[in-house]
Amino acid sequence: MPQPLLSIVIPTREGFSDHWITELLKVKGDVEFILIHPPGAKPYPTDDARMKQIVSSLRGEIIQRITGFMNATAPHVLTINCDEYLHPDIQELAVNYFNRFPDSWVLRLSKQGYVYGDTSALSSHWLPLPNIHYMKTCSKAERTSHLFGQKDYLLDLPIAPLENKFNPICLLGQRLDQSGNHVENFDKKIWKNSLVQTAIKEITDLMSLGGPIKYIPFWCLDRLLGLYIQAKFYEKDKIIGHWLPLPEQIRIEDNPPEYKRTKRFYFIAEVMLLKSFPQYGYLWNLILCQVTSVPIRAFDSVKRKISRPLSVESSLTS
């Protein structure tokens, strides 16, 4: 196959639907789909030469995504989940955007949520993508005048304000500097792969505890990688990319009823940020805020466990 222009990295879990993969393969152009399956899974039967499938030796969002990134060969990379749908022309969009903005690092996609199991809506007709070459750009200040949201405007994405000073209020479990147009998370955005490869190499090196002993967190690569890239290549006040308006370029299906999301504790993974970039107050605010929230989360967890049997007993006696 030709050299791919976009790598699409997807960590899978057991039970992804045939409908999802059928819609995924409708993406046009020179792309490579890199599916990283959990241990014991079997590759999905397909004749599409663009599909790479890897069975990971370990389970977990971090190890599965990192494995995918290490095998990504295109100049740009996008990662999604196995219940998310992409516009068929996403590769052409990526090429046109980075041709117009060659100094950009990232293109943020607009997304739309859909009810779980509504395959008709999820596979419905996609509206045409805007012509990047004719779109205007607007800043955060102009966003308030409702320019962003119109189909012919891209919103500037500044680099995260990493030089912000440490704010003691974060010790109360509150942050004040995360709001704004800047991005923290990596997922569902198209990034320059050269930046990703450098960051992934350094992050995996940080997982070594000594000799053959490694610590690999189960999840939390999303914000870790997004902020690591910005800290590694930091340029104060740089516009690192843009945010596309609706209509959506990515569709997200609600989780199945049996799959429950839990509040994830990000500190263990993101301490790697401080290990590499202790000079940035923004990262101290982020991580210390999470540390101080641990007692609150522990209390909530105990409260849920205590209230659950009480609720059952109450229903039996009522």
# chains A, B, ... in the order shown; residues from 1 in each chain; ligands from 1
>>> residues_around(residues="stretch 82-95 of chain A", least_positions_apart="3", cutoff="6 Å", atoms="only C-alpha atoms", output="VMD selection string")
chain A and resid 12 26 to 28 98 249 to 253
>>> residues_around(residues="A:Phe69", least_positions_apart="4", cutoff="9 Å", atoms="only C-alpha atoms", output="MDAnalysis selection string")
chainID A and resid 7 9 34 64:65 73 77 79 193 196:197 200
>>> write_last_selection(atoms="C-alpha atoms", output="PDB file, in the first residue's frame")
ATOM      1  CA  SER A   7      -2.209   6.859  11.283  1.00  0.00           C
ATOM      2  CA  VAL A   9      -4.452   4.286  16.548  1.00  0.00           C
ATOM      3  CA  ILE A  34      -3.655   0.328  13.936  1.00  0.00           C
ATOM      4  CA  GLN A  64      -2.019  -0.504  24.116  1.00  0.00           C
ATOM      5  CA  ARG A  65      -1.889   3.104  22.862  1.00  0.00           C
ATOM      6  CA  THR A  73       4.338   5.536  10.240  1.00  0.00           C
ATOM      7  CA  VAL A  77      -1.574  10.559  14.013  1.00  0.00           C
ATOM      8  CA  THR A  79      -6.202   8.072  18.388  1.00  0.00           C
ATOM      9  CA  ASN A 193       3.659  12.371  14.566  1.00  0.00           C
ATOM     10  CA  VAL A 196       4.439  12.228  19.357  1.00  0.00           C
ATOM     11  CA  GLN A 197       7.342   9.874  18.668  1.00  0.00           C
ATOM     12  CA  ILE A 200       6.467   8.553  23.615  1.00  0.00           C
TER      13      ILE A 200
END
>>> residues_around(residues="A:Gly68", least_positions_apart="5", cutoff="9 Å", atoms="only C-alpha atoms", output="list in words")
Ile8, Val9, Ile10, Pro11, Ile34, Leu35, Ile36, Ile54, Ile63 and Thr79 of chain A
>>> write_last_selection(atoms="C-alpha atoms", output="compact mmCIF listing (two decimals), in the first residue's frame")
# COMPACT_ATOMS: atom_id res chain seq x y z
CA ILE A 8 -5.35 6.05 13.29
CA VAL A 9 -4.45 4.29 16.55
CA ILE A 10 -7.25 2.40 18.32
CA PRO A 11 -6.88 0.35 21.52
CA ILE A 34 -3.65 0.33 13.94
CA LEU A 35 -5.83 -1.80 16.21
CA ILE A 36 -4.16 -2.94 19.43
CA ILE A 54 -1.46 -6.15 17.12
CA ILE A 63 0.43 0.08 26.96
CA THR A 79 -6.20 8.07 18.39
>>> closest_residue(among="A:Lys188, A:His182, A:His133, A:Arg100", to="A:Leu227", atoms="only C-alpha atoms")
A:His182
>>> closest_residue(among="A:Leu172, A:Ile213, A:Leu206, A:Cys220", to="A:Val291", atoms="only C-alpha atoms")
A:Leu172
>>> closest_residue(among="A:Val55, A:Met272, A:Ile239, A:Ala72", to="A:Pro4", atoms="only C-alpha atoms")
A:Ala72
>>> closest_residue(among="A:Ser104, A:Ser179, A:Ser194, A:Ser123", to="A:Lys140", atoms="only C-alpha atoms")
A:Ser179
>>> residues_around(residues="stretch 151-167 of chain A", least_positions_apart="6", cutoff="7 Å", atoms="only C-alpha atoms", output="list in words")
Pro130, Met135, Lys136, Thr137, Cys138, Ser139, Asn181, His182, Val183, Gln230, Asp237, Lys238, Ile239, Ile240, Gly241, His242, Trp243, Leu244, Pro245, Leu246, Tyr280, Gly281, Tyr282, Leu283, Trp284 and Asn285 of chain A
>>> write_last_selection(atoms="C-alpha atoms", output="mmCIF file, in the first residue's frame")
data_model
loop_
_atom_site.group_PDB
_atom_site.id
_atom_site.type_symbol
_atom_site.label_atom_id
_atom_site.label_comp_id
_atom_site.auth_asym_id
_atom_site.auth_seq_id
_atom_site.Cartn_x
_atom_site.Cartn_y
_atom_site.Cartn_z
ATOM 1 C CA PRO A 130 -15.342 22.715 5.346
ATOM 2 C CA MET A 135 -11.566 29.260 6.553
ATOM 3 C CA LYS A 136 -10.739 32.280 8.711
ATOM 4 C CA THR A 137 -9.210 32.062 12.190
ATOM 5 C CA CYS A 138 -10.426 33.682 15.386
ATOM 6 C CA SER A 139 -8.894 34.137 18.841
ATOM 7 C CA ASN A 181 -8.872 27.518 24.711
ATOM 8 C CA HIS A 182 -5.706 25.511 25.328
ATOM 9 C CA VAL A 183 -5.825 21.720 25.353
ATOM 10 C CA GLN A 230 3.558 20.953 25.101
ATOM 11 C CA ASP A 237 2.143 32.108 23.830
ATOM 12 C CA LYS A 238 2.537 29.932 20.729
ATOM 13 C CA ILE A 239 -0.600 29.054 18.778
ATOM 14 C CA ILE A 240 -0.105 25.308 18.419
ATOM 15 C CA GLY A 241 -3.203 24.555 16.350
ATOM 16 C CA HIS A 242 -6.889 25.138 15.756
ATOM 17 C CA TRP A 243 -10.301 23.799 16.709
ATOM 18 C CA LEU A 244 -12.767 22.902 13.973
ATOM 19 C CA PRO A 245 -16.419 23.937 14.376
ATOM 20 C CA LEU A 246 -19.457 21.712 13.942
ATOM 21 C CA TYR A 280 6.285 24.588 35.462
ATOM 22 C CA GLY A 281 3.824 25.811 38.111
ATOM 23 C CA TYR A 282 0.872 24.733 35.959
ATOM 24 C CA LEU A 283 1.868 21.090 36.429
ATOM 25 C CA TRP A 284 2.246 21.522 40.193
ATOM 26 C CA ASN A 285 -1.254 22.996 40.333
#
>>> atom_distance(atom1="atom CA of A:Ser57", atom2="atom CA of A:Lys214")
14.3 Å
>>> select_by_dssp(residues="stretch 69-100 of chain A", states="helix (DSSP H, G or I)", output="ChimeraX atom specification")
/A:69-70,90-100
>>> write_last_selection(atoms="N, CA and C atoms", output="PDB file, in the first residue's frame")
ATOM      1  N   PHE A  69       1.255   3.763  18.845  1.00  0.00           N
ATOM      2  CA  PHE A  69       2.061   4.906  18.406  1.00  0.00           C
ATOM      3  C   PHE A  69       3.426   4.465  17.885  1.00  0.00           C
ATOM      4  N   MET A  70       4.010   3.458  18.532  1.00  0.00           N
ATOM      5  CA  MET A  70       5.329   2.981  18.098  1.00  0.00           C
ATOM      6  C   MET A  70       5.279   2.367  16.713  1.00  0.00           C
ATOM      7  N   ILE A  90     -11.630  12.220   6.716  1.00  0.00           N
ATOM      8  CA  ILE A  90     -10.760  12.754   7.761  1.00  0.00           C
ATOM      9  C   ILE A  90      -9.302  12.855   7.307  1.00  0.00           C
ATOM     10  N   GLN A  91      -8.868  11.930   6.445  1.00  0.00           N
ATOM     11  CA  GLN A  91      -7.481  11.996   5.968  1.00  0.00           C
ATOM     12  C   GLN A  91      -7.249  13.212   5.079  1.00  0.00           C
ATOM     13  N   GLU A  92      -8.182  13.475   4.180  1.00  0.00           N
ATOM     14  CA  GLU A  92      -8.065  14.654   3.319  1.00  0.00           C
ATOM     15  C   GLU A  92      -8.080  15.931   4.151  1.00  0.00           C
ATOM     16  N   LEU A  93      -8.913  15.960   5.178  1.00  0.00           N
ATOM     17  CA  LEU A  93      -8.966  17.110   6.076  1.00  0.00           C
ATOM     18  C   LEU A  93      -7.608  17.340   6.739  1.00  0.00           C
ATOM     19  N   ALA A  94      -6.980  16.275   7.244  1.00  0.00           N
ATOM     20  CA  ALA A  94      -5.686  16.401   7.916  1.00  0.00           C
ATOM     21  C   ALA A  94      -4.626  16.937   6.968  1.00  0.00           C
ATOM     22  N   VAL A  95      -4.576  16.398   5.771  1.00  0.00           N
ATOM     23  CA  VAL A  95      -3.570  16.843   4.795  1.00  0.00           C
ATOM     24  C   VAL A  95      -3.770  18.315   4.443  1.00  0.00           C
ATOM     25  N   ASN A  96      -5.021  18.716   4.175  1.00  0.00           N
ATOM     26  CA  ASN A  96      -5.299  20.101   3.808  1.00  0.00           C
ATOM     27  C   ASN A  96      -4.968  21.064   4.949  1.00  0.00           C
ATOM     28  N   TYR A  97      -5.293  20.645   6.194  1.00  0.00           N
ATOM     29  CA  TYR A  97      -5.022  21.530   7.331  1.00  0.00           C
ATOM     30  C   TYR A  97      -3.530  21.758   7.515  1.00  0.00           C
ATOM     31  N   PHE A  98      -2.753  20.701   7.556  1.00  0.00           N
ATOM     32  CA  PHE A  98      -1.322  20.863   7.834  1.00  0.00           C
ATOM     33  C   PHE A  98      -0.564  21.427   6.636  1.00  0.00           C
ATOM     34  N   ASN A  99      -1.121  21.326   5.442  1.00  0.00           N
ATOM     35  CA  ASN A  99      -0.532  22.034   4.303  1.00  0.00           C
ATOM     36  C   ASN A  99      -0.704  23.534   4.455  1.00  0.00           C
ATOM     37  N   ARG A 100      -1.863  23.944   4.963  1.00  0.00           N
ATOM     38  CA  ARG A 100      -2.105  25.375   5.149  1.00  0.00           C
ATOM     39  C   ARG A 100      -1.381  25.908   6.382  1.00  0.00           C
TER      40      ARG A 100
END
>>> select_by_dssp(residues="stretch 45-283 of chain A", states="strand (DSSP E)", output="MDAnalysis selection string")
chainID A and resid 51:55 76:79 84:86 106:108 111:114 136:138 153:158 189:192 208:210 213:214 239:243 250:253
>>> closest_residue(among="A:Arg50, A:Lys201, A:Arg223, A:Phe267", to="A:Thr67", atoms="only C-alpha atoms")
A:Lys201
>>> atom_distance(atom1="atom CA of A:Gln3", atom2="atom CA of A:Pro38")
26.9 Å
>>> closest_residue(among="A:Thr46, A:Thr22, A:Asn185, A:Ser110", to="A:Leu122", atoms="only C-alpha atoms")
A:Thr22
